[in-house]
2 protein chains.
Amino acid sequence: MLLSKSCVYGLRATLLLASYQNGGYTSIKDLSNKLDISFHFLTKILQQLTAAELLESMKGPKGGVRLSGESSDITLREVVIAIDGPDIFTECVLGLPGCGSEKPCPMHAMWAETRDDIEQMLQTTSLEDMSKEGMEQDLRITADGHFVWGEP
Amino acid sequence: MLLSKSCVYGLRATLLLASYQNGGYTSIKDLSNKLDISFHFLTKILQQLTAAELLESMKGPKGGVRLSGESSDITLREVVIAIDGPDIFTECVLGLPGCGSEKPCPMHAMWAETRDDIEQMLQTTSLEDMSKEGMEQDLRITADGHFVWGEP
DNA sequence: ACTATTTAAGAGTAATATGTCTTAAATATA
DNA sequence: TATATTTAAGACATATTACTCTTAAATAGT
């Protein structure tokens with residue numbers, strides 16, 4: 001997998017949050033239930049996103065998490081980097097540490113291109129873009145596909 | 001990482017084998033030394049490639065492994081599939097099991113495209129292509145970059 | 001036939017990723 | 001103030017991947 005499970009969980013949760021578009025706090029319990037992800041595990045992941053200031057959190061009743069800004073201002077790339085780190089956008093496909101344009105591996109050129117395409121794709125797509133598509137076309141965000149968007 | 005370490009080791013070893021272009025057997029010891037990969041671990045990986053009939057092996061003195069056919073006839077895609085399996089070319093980027101054109105996830109369309117690009121790229125590149133480039137331009141195939149191509 | 005060399009196969013170990021559980025801290029509401 | 005609810009934090013457990021080690025089987029050369 002290109003993205004770790006943690007990263008994918010983070011993306012799915014933030015997409016769902018974006019679809020709520022009410023500005024209020026949503027409990028992680030709600031997210032973990034709807035997405036069928038372990039509550040404690042998801043909590044840890046969302047903590048990373050909070051630390052990266054993509055989310056804001058509040059403890060206590062009525063607490064939960066919310067996007068720190070407009071869903072149109074948060075890109076998929078930001079979420080990915082917050083969880084999997086920025087290296088996936090620079091790493092050699094053969095995992096060779098010193099690989100770069102100076103002394104590349106045979107696959108460097110071809111991979112650098114697709115890698116940049118992927119980064120560009122994630123960079124130019126906001127949580128709003130994806131969550132809107134998800135809602136409007138009733139797309140899948142769970143394994144079973146049974147899911148209702150935008151109902152906090 | 002898109003590809004597992006095993007897969008990457010397999011690619012590096014087959015690229016090196018392709019550069020030998022002498023048709024004879026090369027000992028795994030030689031490959032593991034040159035590529036700085038654990039001998040036993042590489043042995044296991046190359047066994048998978050032998051099982052997939054991309055390599056042929058012979059035991060005993062003068063034994064070793066060799067490409068089962070012309071290096072121009074073996075694609076990077078074949079090596080990848082032999083080790084990491086074919087699923088990486090069909091899997092959902094969010095890891096959602098039922099994701100497909102019928103009931104896709106929001107990222108399905110964009111990812112399917114890049115995924116197909118990657119497959120196409122690997123499909124249209126042979127071991128010969130890559131090893132020739134590696135030799136001719138003295139490209140990196142080890143971490144330290146100190147390496148001499150094509151000397152069995 | 002004997003020996004040295006090499007791959008094959010499987011058991012075992014280590015490291016990392018994934019997932020679970022418990023306790024602490026904050027906060028809304030009564 | 002007391003209670004219920006929620007995130008924060010860290011310890012713990014399991015699964016997967018990566019790597020090591022030992023023994024067996026095959027084969028070339030003497």
# chains A, B, ... in the order shown; residues from 1 in each chain; ligands from 1
call {"tool": "closest_atom_pairs", "arguments": {"of": "chain D", "to": "chain A", "cutoff": "8 Å", "atoms": "only C-alpha atoms (C1' of nucleotides)", "output": "tab-separated table"}}
result
residue	atom	partner	partner_atom	distance
D:DA4	C1'	A:Pro61	CA	7.9
D:DT5	C1'	A:Pro61	CA	4.5
D:DT6	C1'	A:Gly60	CA	4.1
D:DT7	C1'	A:Lys59	CA	4.8
call {"tool": "write_last_selection", "arguments": {"atoms": "N, CA, C and O atoms (P, O5', C5', C4', C3', O3' and C1' of nucleotides)", "output": "short mmCIF file (atom, residue, chain, number, x, y, z; two decimals), in the first residue's frame"}}
result
data_model
loop_
_atom_site.label_atom_id
_atom_site.label_comp_id
_atom_site.auth_asym_id
_atom_site.auth_seq_id
_atom_site.Cartn_x
_atom_site.Cartn_y
_atom_site.Cartn_z
P DA D 4 -22.54 9.69 37.04
"O5'" DA D 4 -22.69 10.00 35.49
"C5'" DA D 4 -23.66 10.96 35.05
"C4'" DA D 4 -23.21 11.53 33.71
"C3'" DA D 4 -22.64 10.50 32.75
"O3'" DA D 4 -23.18 10.73 31.46
"C1'" DA D 4 -21.06 12.23 33.08
P DT D 5 -22.84 9.79 30.21
"O5'" DT D 5 -21.78 10.66 29.39
"C5'" DT D 5 -22.17 11.95 28.93
"C4'" DT D 5 -20.97 12.64 28.32
"C3'" DT D 5 -20.24 11.80 27.25
"O3'" DT D 5 -20.11 12.59 26.09
"C1'" DT D 5 -18.72 12.72 28.81
P DT D 6 -20.02 11.91 24.66
"O5'" DT D 6 -18.50 12.21 24.24
"C5'" DT D 6 -18.08 13.56 24.09
"C4'" DT D 6 -16.65 13.72 24.49
"C3'" DT D 6 -15.64 12.81 23.78
"O3'" DT D 6 -15.16 13.41 22.60
"C1'" DT D 6 -15.06 13.32 26.03
P DT D 7 -14.08 12.63 21.67
"O5'" DT D 7 -12.69 13.22 22.18
"C5'" DT D 7 -12.37 14.58 21.92
"C4'" DT D 7 -11.13 14.99 22.70
"C3'" DT D 7 -9.79 14.47 22.15
"O3'" DT D 7 -8.81 15.50 22.32
"C1'" DT D 7 -10.06 13.73 24.36
#
call {"tool": "interface_residues", "arguments": {"of": "chain B", "to": "chain A", "cutoff": "9 Å", "atoms": "only C-alpha atoms", "output": "MDAnalysis selection string"}}
result
chainID B and resid 1:5 7:9 11:12 88 91 93:99 103:107 110:111 114 117:118 121 130:134 137:145
call {"tool": "closest_atom_pairs", "arguments": {"of": "chain C", "to": "chain A", "cutoff": "6 Å", "atoms": "only C-alpha atoms (C1' of nucleotides)", "output": "tab-separated table"}}
result
residue	atom	partner	partner_atom	distance
C:DA26	C1'	A:Lys59	CA	5.5
C:DT27	C1'	A:Gly60	CA	4.5
C:DA28	C1'	A:Pro61	CA	5.5
call {"tool": "residues_around", "arguments": {"residues": "DA11 of chain D", "least_positions_apart": "2", "cutoff": "12 Å", "atoms": "only C-alpha atoms (C1' of nucleotides)", "output": "JSON, numbers by chain"}}
result
{"C": [20, 21, 22, 23], "D": [9, 13]}
call {"tool": "write_last_selection", "arguments": {"atoms": "all heavy atoms", "output": "short mmCIF file (atom, residue, chain, number, x, y, z; two decimals), in the first residue's frame"}}
result
data_model
loop_
_atom_site.label_atom_id
_atom_site.label_comp_id
_atom_site.auth_asym_id
_atom_site.auth_seq_id
_atom_site.Cartn_x
_atom_site.Cartn_y
_atom_site.Cartn_z
P DT C 20 -8.90 -3.54 17.89
OP1 DT C 20 -9.83 -4.68 17.83
OP2 DT C 20 -9.32 -2.18 17.53
"O5'" DT C 20 -8.27 -3.50 19.35
"C5'" DT C 20 -7.76 -4.71 19.92
"C4'" DT C 20 -7.40 -4.48 21.37
"O4'" DT C 20 -6.31 -3.53 21.45
"C3'" DT C 20 -8.54 -3.92 22.24
"O3'" DT C 20 -8.71 -4.81 23.32
"C2'" DT C 20 -8.03 -2.54 22.68
"C1'" DT C 20 -6.52 -2.70 22.58
N1 DT C 20 -5.74 -1.47 22.31
C2 DT C 20 -4.79 -1.07 23.22
O2 DT C 20 -4.56 -1.67 24.25
N3 DT C 20 -4.12 0.07 22.88
C4 DT C 20 -4.28 0.82 21.73
O4 DT C 20 -3.60 1.83 21.54
C5 DT C 20 -5.29 0.37 20.82
C7 DT C 20 -5.55 1.12 19.55
C6 DT C 20 -5.97 -0.75 21.15
P DC C 21 -9.95 -4.64 24.33
OP1 DC C 21 -10.40 -5.97 24.74
OP2 DC C 21 -10.90 -3.67 23.72
"O5'" DC C 21 -9.26 -3.94 25.59
"C5'" DC C 21 -8.03 -4.48 26.10
"C4'" DC C 21 -7.45 -3.54 27.15
"O4'" DC C 21 -6.74 -2.46 26.50
"C3'" DC C 21 -8.50 -2.89 28.05
"O3'" DC C 21 -8.16 -3.20 29.39
"C2'" DC C 21 -8.38 -1.40 27.77
"C1'" DC C 21 -6.96 -1.28 27.24
N1 DC C 21 -6.76 -0.14 26.30
C2 DC C 21 -5.69 0.74 26.52
O2 DC C 21 -4.95 0.56 27.50
N3 DC C 21 -5.50 1.77 25.67
C4 DC C 21 -6.32 1.94 24.62
N4 DC C 21 -6.08 2.96 23.80
C5 DC C 21 -7.40 1.05 24.37
C6 DC C 21 -7.59 0.03 25.23
P DT C 22 -9.20 -2.80 30.58
OP1 DT C 22 -9.31 -3.96 31.46
OP2 DT C 22 -10.42 -2.18 30.01
"O5'" DT C 22 -8.37 -1.67 31.34
"C5'" DT C 22 -6.97 -1.85 31.54
"C4'" DT C 22 -6.34 -0.57 32.01
"O4'" DT C 22 -6.11 0.33 30.89
"C3'" DT C 22 -7.19 0.22 33.01
"O3'" DT C 22 -6.40 0.54 34.14
"C2'" DT C 22 -7.60 1.48 32.26
"C1'" DT C 22 -6.45 1.64 31.28
N1 DT C 22 -6.78 2.38 30.03
C2 DT C 22 -6.00 3.44 29.64
O2 DT C 22 -5.03 3.81 30.28
N3 DT C 22 -6.39 4.05 28.48
C4 DT C 22 -7.46 3.71 27.68
O4 DT C 22 -7.72 4.34 26.66
C5 DT C 22 -8.25 2.60 28.15
C7 DT C 22 -9.45 2.16 27.37
C6 DT C 22 -7.88 1.99 29.28
P DT C 23 -7.11 1.21 35.48
OP1 DT C 23 -6.52 0.56 36.65
OP2 DT C 23 -8.58 1.24 35.28
"O5'" DT C 23 -6.58 2.71 35.42
"C5'" DT C 23 -5.16 2.93 35.31
"C4'" DT C 23 -4.90 4.37 34.95
"O4'" DT C 23 -5.35 4.63 33.59
"C3'" DT C 23 -5.62 5.41 35.83
"O3'" DT C 23 -4.66 6.37 36.28
"C2'" DT C 23 -6.64 6.04 34.90
"C1'" DT C 23 -5.92 5.91 33.56
N1 DT C 23 -6.79 6.00 32.36
C2 DT C 23 -6.46 6.89 31.37
O2 DT C 23 -5.48 7.61 31.42
N3 DT C 23 -7.32 6.89 30.29
C4 DT C 23 -8.45 6.12 30.14
O4 DT C 23 -9.14 6.23 29.13
C5 DT C 23 -8.74 5.21 31.21
C7 DT C 23 -9.95 4.34 31.14
C6 DT C 23 -7.91 5.20 32.27
P DA D 9 -1.44 14.68 24.73
OP1 DA D 9 -0.56 15.74 25.25
OP2 DA D 9 -1.49 14.39 23.28
"O5'" DA D 9 -1.09 13.32 25.50
"C5'" DA D 9 -1.28 13.26 26.92
"C4'" DA D 9 -0.84 11.90 27.42
"O4'" DA D 9 -1.94 10.97 27.32
"C3'" DA D 9 0.32 11.27 26.65
"O3'" DA D 9 1.29 10.86 27.57
"C2'" DA D 9 -0.31 10.11 25.91
"C1'" DA D 9 -1.44 9.74 26.87
N9 DA D 9 -2.55 9.01 26.26
C8 DA D 9 -3.07 9.17 25.00
N7 DA D 9 -4.08 8.36 24.74
C5 DA D 9 -4.22 7.62 25.91
C6 DA D 9 -5.11 6.59 26.28
N6 DA D 9 -6.05 6.12 25.47
N1 DA D 9 -4.99 6.07 27.52
C2 DA D 9 -4.03 6.55 28.33
N3 DA D 9 -3.13 7.52 28.08
C4 DA D 9 -3.29 8.01 26.84
P DA D 13 0.50 -7.51 27.82
OP1 DA D 13 -0.21 -8.50 28.67
OP2 DA D 13 1.97 -7.57 27.65
"O5'" DA D 13 -0.18 -7.54 26.39
"C5'" DA D 13 -1.59 -7.37 26.30
"C4'" DA D 13 -2.02 -7.60 24.85
"O4'" DA D 13 -1.57 -6.49 24.04
"C3'" DA D 13 -1.43 -8.87 24.23
"O3'" DA D 13 -2.50 -9.53 23.56
"C2'" DA D 13 -0.37 -8.35 23.26
"C1'" DA D 13 -0.94 -6.99 22.87
N9 DA D 13 0.02 -5.97 22.47
C8 DA D 13 1.12 -5.54 23.16
N7 DA D 13 1.77 -4.58 22.55
C5 DA D 13 1.06 -4.37 21.39
C6 DA D 13 1.25 -3.49 20.32
N6 DA D 13 2.24 -2.61 20.24
N1 DA D 13 0.35 -3.54 19.30
C2 DA D 13 -0.66 -4.42 19.38
N3 DA D 13 -0.93 -5.30 20.33
C4 DA D 13 -0.02 -5.22 21.32
#
call {"tool": "closest_residue", "arguments": {"among": "C:DA24, C:DA8, C:DA15, C:DA30", "to": "DT23 of chain D", "atoms": "only C-alpha atoms (C1' of nucleotides)"}}
result
C:DA8
call {"tool": "residues_around", "arguments": {"residues": "DC2 of chain C", "least_positions_apart": "2", "cutoff": "12 Å", "atoms": "only C-alpha atoms (C1' of nucleotides)", "output": "list in words"}}
result
DA4 of chain C; DG29 and DT30 of chain D
call {"tool": "write_last_selection", "arguments": {"atoms": "N, CA, C and O atoms (P, O5', C5', C4', C3', O3' and C1' of nucleotides)", "output": "short mmCIF file (atom, residue, chain, number, x, y, z; two decimals), in the first residue's frame"}}
result
data_model
loop_
_atom_site.label_atom_id
_atom_site.label_comp_id
_atom_site.auth_asym_id
_atom_site.auth_seq_id
_atom_site.Cartn_x
_atom_site.Cartn_y
_atom_site.Cartn_z
P DA C 4 36.07 -30.53 2.07
"O5'" DA C 4 35.72 -29.34 1.07
"C5'" DA C 4 36.41 -29.25 -0.17
"C4'" DA C 4 35.59 -28.42 -1.14
"C3'" DA C 4 34.96 -27.18 -0.51
"O3'" DA C 4 35.11 -26.10 -1.42
"C1'" DA C 4 33.26 -28.51 -1.47
P DG D 29 33.15 -28.82 -13.28
"O5'" DG D 29 34.15 -29.42 -12.21
"C5'" DG D 29 34.48 -28.63 -11.06
"C4'" DG D 29 35.42 -29.40 -10.17
"C3'" DG D 29 36.53 -30.15 -10.91
"O3'" DG D 29 37.74 -29.98 -10.19
"C1'" DG D 29 35.34 -31.65 -9.54
P DT D 30 39.14 -30.45 -10.87
"O5'" DT D 30 39.64 -31.58 -9.89
"C5'" DT D 30 39.74 -31.30 -8.49
"C4'" DT D 30 39.78 -32.60 -7.69
"C3'" DT D 30 40.84 -33.59 -8.19
"O3'" DT D 30 41.88 -33.69 -7.23
"C1'" DT D 30 38.77 -34.66 -7.66
#
call {"tool": "atom_distance", "arguments": {"atom1": "atom CA of Leu35 of chain B", "atom2": "atom CA of Thr124 of chain B"}}
result
24.8 Å
call {"tool": "select_by_dssp", "arguments": {"residues": "chain B", "states": "strand (DSSP E)", "output": "ChimeraX atom specification"}}
result
/B:55-58,64-67
call {"tool": "write_last_selection", "arguments": {"atoms": "N, CA and C atoms", "output": "compact mmCIF listing (two decimals), in the first residue's frame"}}
result
# COMPACT_ATOMS: atom_id res chain seq x y z
N LEU B 55 13.20 -16.76 -13.08
CA LEU B 55 14.59 -17.18 -12.95
C LEU B 55 14.68 -18.70 -13.07
N GLU B 56 15.86 -19.16 -13.39
CA GLU B 56 16.19 -20.58 -13.31
C GLU B 56 17.33 -20.72 -12.32
N SER B 57 17.33 -21.81 -11.58
CA SER B 57 18.39 -21.98 -10.60
C SER B 57 19.05 -23.35 -10.77
N MET B 58 20.28 -23.43 -10.31
CA MET B 58 20.98 -24.71 -10.30
C MET B 58 21.79 -24.79 -9.01
N GLY B 64 23.80 -21.45 -9.35
CA GLY B 64 23.37 -20.08 -9.09
C GLY B 64 22.03 -19.83 -9.73
N VAL B 65 21.79 -18.60 -10.09
CA VAL B 65 20.53 -18.26 -10.75
C VAL B 65 20.84 -17.53 -12.05
N ARG B 66 19.88 -17.60 -12.96
CA ARG B 66 19.99 -16.81 -14.19
C ARG B 66 18.58 -16.47 -14.66
N LEU B 67 18.47 -15.48 -15.50
CA LEU B 67 17.16 -15.13 -16.06
C LEU B 67 16.67 -16.29 -16.89
call {"tool": "closest_residue", "arguments": {"among": "A:Ala52, A:His146, A:Glu119, A:Glu151", "to": "Thr90 of chain A", "atoms": "only C-alpha atoms"}}
result
A:Glu119
call {"tool": "atom_distance", "arguments": {"atom1": "atom CA of Pro152 of chain A", "atom2": "atom CA of Thr26 of chain A"}}
result
6.9 Å
call {"tool": "closest_residue", "arguments": {"among": "C:DA25, C:DA17, C:DA9, C:DA1", "to": "DA15 of chain D", "atoms": "only C-alpha atoms (C1' of nucleotides)"}}
result
C:DA17
call {"tool": "atom_distance", "arguments": {"atom1": "atom CA of Phe147 of chain B", "atom2": "atom C1' of DT6 of chain C"}}
result
24.3 Å
call {"tool": "residues_around", "arguments": {"residues": "DT16 of chain C", "least_positions_apart": "2", "cutoff": "12 Å", "atoms": "only C-alpha atoms (C1' of nucleotides)", "output": "ChimeraX atom specification"}}
result
/C:14,18 /D:15-18
call {"tool": "select_by_dssp", "arguments": {"residues": "segment 5-149 of chain A", "states": "helix (DSSP H, G or I)", "output": "MDAnalysis selection string"}}
result
chainID A and resid 5:20 28:35 39:51 76:84 86:89 108:123 127:136
call {"tool": "decode", "arguments": {"residues": "segment 108-131 of chain B", "atoms": "N, CA, C and O atoms", "output": "PDB file, in the first residue's frame"}}
result
ATOM      1  N   HIS B 108     -11.447   6.956  -5.940  1.00  0.00           N
ATOM      2  CA  HIS B 108     -11.278   5.862  -6.900  1.00  0.00           C
ATOM      3  C   HIS B 108     -10.810   6.332  -8.275  1.00  0.00           C
ATOM      4  O   HIS B 108      -9.819   5.824  -8.808  1.00  0.00           O
ATOM      5  N   ALA B 109     -11.525   7.282  -8.825  1.00  0.00           N
ATOM      6  CA  ALA B 109     -11.246   7.705 -10.202  1.00  0.00           C
ATOM      7  C   ALA B 109      -9.818   8.220 -10.343  1.00  0.00           C
ATOM      8  O   ALA B 109      -9.072   7.776 -11.222  1.00  0.00           O
ATOM      9  N   MET B 110      -9.440   9.123  -9.454  1.00  0.00           N
ATOM     10  CA  MET B 110      -8.100   9.712  -9.580  1.00  0.00           C
ATOM     11  C   MET B 110      -7.020   8.670  -9.355  1.00  0.00           C
ATOM     12  O   MET B 110      -6.008   8.654 -10.043  1.00  0.00           O
ATOM     13  N   TRP B 111      -7.251   7.797  -8.413  1.00  0.00           N
ATOM     14  CA  TRP B 111      -6.228   6.799  -8.108  1.00  0.00           C
ATOM     15  C   TRP B 111      -6.136   5.724  -9.192  1.00  0.00           C
ATOM     16  O   TRP B 111      -5.048   5.287  -9.567  1.00  0.00           O
ATOM     17  N   ALA B 112      -7.277   5.314  -9.703  1.00  0.00           N
ATOM     18  CA  ALA B 112      -7.285   4.282 -10.742  1.00  0.00           C
ATOM     19  C   ALA B 112      -6.404   4.706 -11.911  1.00  0.00           C
ATOM     20  O   ALA B 112      -5.681   3.899 -12.494  1.00  0.00           O
ATOM     21  N   GLU B 113      -6.449   5.994 -12.188  1.00  0.00           N
ATOM     22  CA  GLU B 113      -5.664   6.507 -13.305  1.00  0.00           C
ATOM     23  C   GLU B 113      -4.156   6.389 -13.028  1.00  0.00           C
ATOM     24  O   GLU B 113      -3.421   5.820 -13.836  1.00  0.00           O
ATOM     25  N   THR B 114      -3.716   6.918 -11.913  1.00  0.00           N
ATOM     26  CA  THR B 114      -2.283   6.836 -11.593  1.00  0.00           C
ATOM     27  C   THR B 114      -1.848   5.385 -11.431  1.00  0.00           C
ATOM     28  O   THR B 114      -0.763   5.008 -11.852  1.00  0.00           O
ATOM     29  N   ARG B 115      -2.706   4.590 -10.830  1.00  0.00           N
ATOM     30  CA  ARG B 115      -2.401   3.177 -10.630  1.00  0.00           C
ATOM     31  C   ARG B 115      -2.162   2.501 -11.978  1.00  0.00           C
ATOM     32  O   ARG B 115      -1.204   1.754 -12.160  1.00  0.00           O
ATOM     33  N   ASP B 116      -3.036   2.800 -12.928  1.00  0.00           N
ATOM     34  CA  ASP B 116      -2.877   2.227 -14.264  1.00  0.00           C
ATOM     35  C   ASP B 116      -1.616   2.761 -14.935  1.00  0.00           C
ATOM     36  O   ASP B 116      -0.945   2.035 -15.674  1.00  0.00           O
ATOM     37  N   ASP B 117      -1.312   4.024 -14.684  1.00  0.00           N
ATOM     38  CA  ASP B 117      -0.083   4.600 -15.233  1.00  0.00           C
ATOM     39  C   ASP B 117       1.128   3.837 -14.717  1.00  0.00           C
ATOM     40  O   ASP B 117       2.050   3.519 -15.474  1.00  0.00           O
ATOM     41  N   ILE B 118       1.115   3.579 -13.418  1.00  0.00           N
ATOM     42  CA  ILE B 118       2.235   2.861 -12.818  1.00  0.00           C
ATOM     43  C   ILE B 118       2.353   1.468 -13.427  1.00  0.00           C
ATOM     44  O   ILE B 118       3.441   1.026 -13.815  1.00  0.00           O
ATOM     45  N   GLU B 119       1.227   0.798 -13.542  1.00  0.00           N
ATOM     46  CA  GLU B 119       1.254  -0.548 -14.120  1.00  0.00           C
ATOM     47  C   GLU B 119       1.767  -0.507 -15.556  1.00  0.00           C
ATOM     48  O   GLU B 119       2.613  -1.316 -15.954  1.00  0.00           O
ATOM     49  N   GLN B 120       1.278   0.463 -16.298  1.00  0.00           N
ATOM     50  CA  GLN B 120       1.696   0.619 -17.694  1.00  0.00           C
ATOM     51  C   GLN B 120       3.207   0.858 -17.775  1.00  0.00           C
ATOM     52  O   GLN B 120       3.911   0.243 -18.584  1.00  0.00           O
ATOM     53  N   MET B 121       3.670   1.717 -16.903  1.00  0.00           N
ATOM     54  CA  MET B 121       5.092   2.055 -16.854  1.00  0.00           C
ATOM     55  C   MET B 121       5.935   0.805 -16.595  1.00  0.00           C
ATOM     56  O   MET B 121       6.929   0.545 -17.284  1.00  0.00           O
ATOM     57  N   LEU B 122       5.509   0.017 -15.631  1.00  0.00           N
ATOM     58  CA  LEU B 122       6.263  -1.196 -15.282  1.00  0.00           C
ATOM     59  C   LEU B 122       6.120  -2.254 -16.375  1.00  0.00           C
ATOM     60  O   LEU B 122       7.037  -3.037 -16.618  1.00  0.00           O
ATOM     61  N   GLN B 123       4.961  -2.250 -17.013  1.00  0.00           N
ATOM     62  CA  GLN B 123       4.674  -3.226 -18.063  1.00  0.00           C
ATOM     63  C   GLN B 123       5.530  -2.981 -19.303  1.00  0.00           C
ATOM     64  O   GLN B 123       5.943  -3.911 -19.978  1.00  0.00           O
ATOM     65  N   THR B 124       5.768  -1.729 -19.580  1.00  0.00           N
ATOM     66  CA  THR B 124       6.469  -1.393 -20.821  1.00  0.00           C
ATOM     67  C   THR B 124       7.975  -1.235 -20.617  1.00  0.00           C
ATOM     68  O   THR B 124       8.686  -0.847 -21.536  1.00  0.00           O
ATOM     69  N   THR B 125       8.430  -1.519 -19.410  1.00  0.00           N
ATOM     70  CA  THR B 125       9.866  -1.424 -19.156  1.00  0.00           C
ATOM     71  C   THR B 125      10.429  -2.810 -18.874  1.00  0.00           C
ATOM     72  O   THR B 125       9.955  -3.511 -17.973  1.00  0.00           O
ATOM     73  N   SER B 126      11.414  -3.212 -19.649  1.00  0.00           N
ATOM     74  CA  SER B 126      12.018  -4.533 -19.460  1.00  0.00           C
ATOM     75  C   SER B 126      13.262  -4.420 -18.588  1.00  0.00           C
ATOM     76  O   SER B 126      13.805  -3.326 -18.388  1.00  0.00           O
ATOM     77  N   LEU B 127      13.704  -5.548 -18.098  1.00  0.00           N
ATOM     78  CA  LEU B 127      14.946  -5.572 -17.331  1.00  0.00           C
ATOM     79  C   LEU B 127      16.092  -5.059 -18.186  1.00  0.00           C
ATOM     80  O   LEU B 127      16.986  -4.362 -17.696  1.00  0.00           O
ATOM     81  N   GLU B 128      16.051  -5.385 -19.472  1.00  0.00           N
ATOM     82  CA  GLU B 128      17.102  -4.904 -20.378  1.00  0.00           C
ATOM     83  C   GLU B 128      17.116  -3.372 -20.434  1.00  0.00           C
ATOM     84  O   GLU B 128      18.179  -2.757 -20.297  1.00  0.00           O
ATOM     85  N   ASP B 129      15.930  -2.794 -20.618  1.00  0.00           N
ATOM     86  CA  ASP B 129      15.831  -1.330 -20.670  1.00  0.00           C
ATOM     87  C   ASP B 129      16.534  -0.694 -19.471  1.00  0.00           C
ATOM     88  O   ASP B 129      17.392   0.177 -19.611  1.00  0.00           O
ATOM     89  N   MET B 130      16.134  -1.161 -18.302  1.00  0.00           N
ATOM     90  CA  MET B 130      16.642  -0.551 -17.075  1.00  0.00           C
ATOM     91  C   MET B 130      18.115  -0.841 -16.836  1.00  0.00           C
ATOM     92  O   MET B 130      18.877   0.024 -16.417  1.00  0.00           O
ATOM     93  N   SER B 131      18.524  -2.082 -17.099  1.00  0.00           N
ATOM     94  CA  SER B 131      19.920  -2.415 -16.813  1.00  0.00           C
ATOM     95  C   SER B 131      20.841  -1.713 -17.802  1.00  0.00           C
ATOM     96  O   SER B 131      21.936  -1.274 -17.441  1.00  0.00           O
TER      97      SER B 131
END
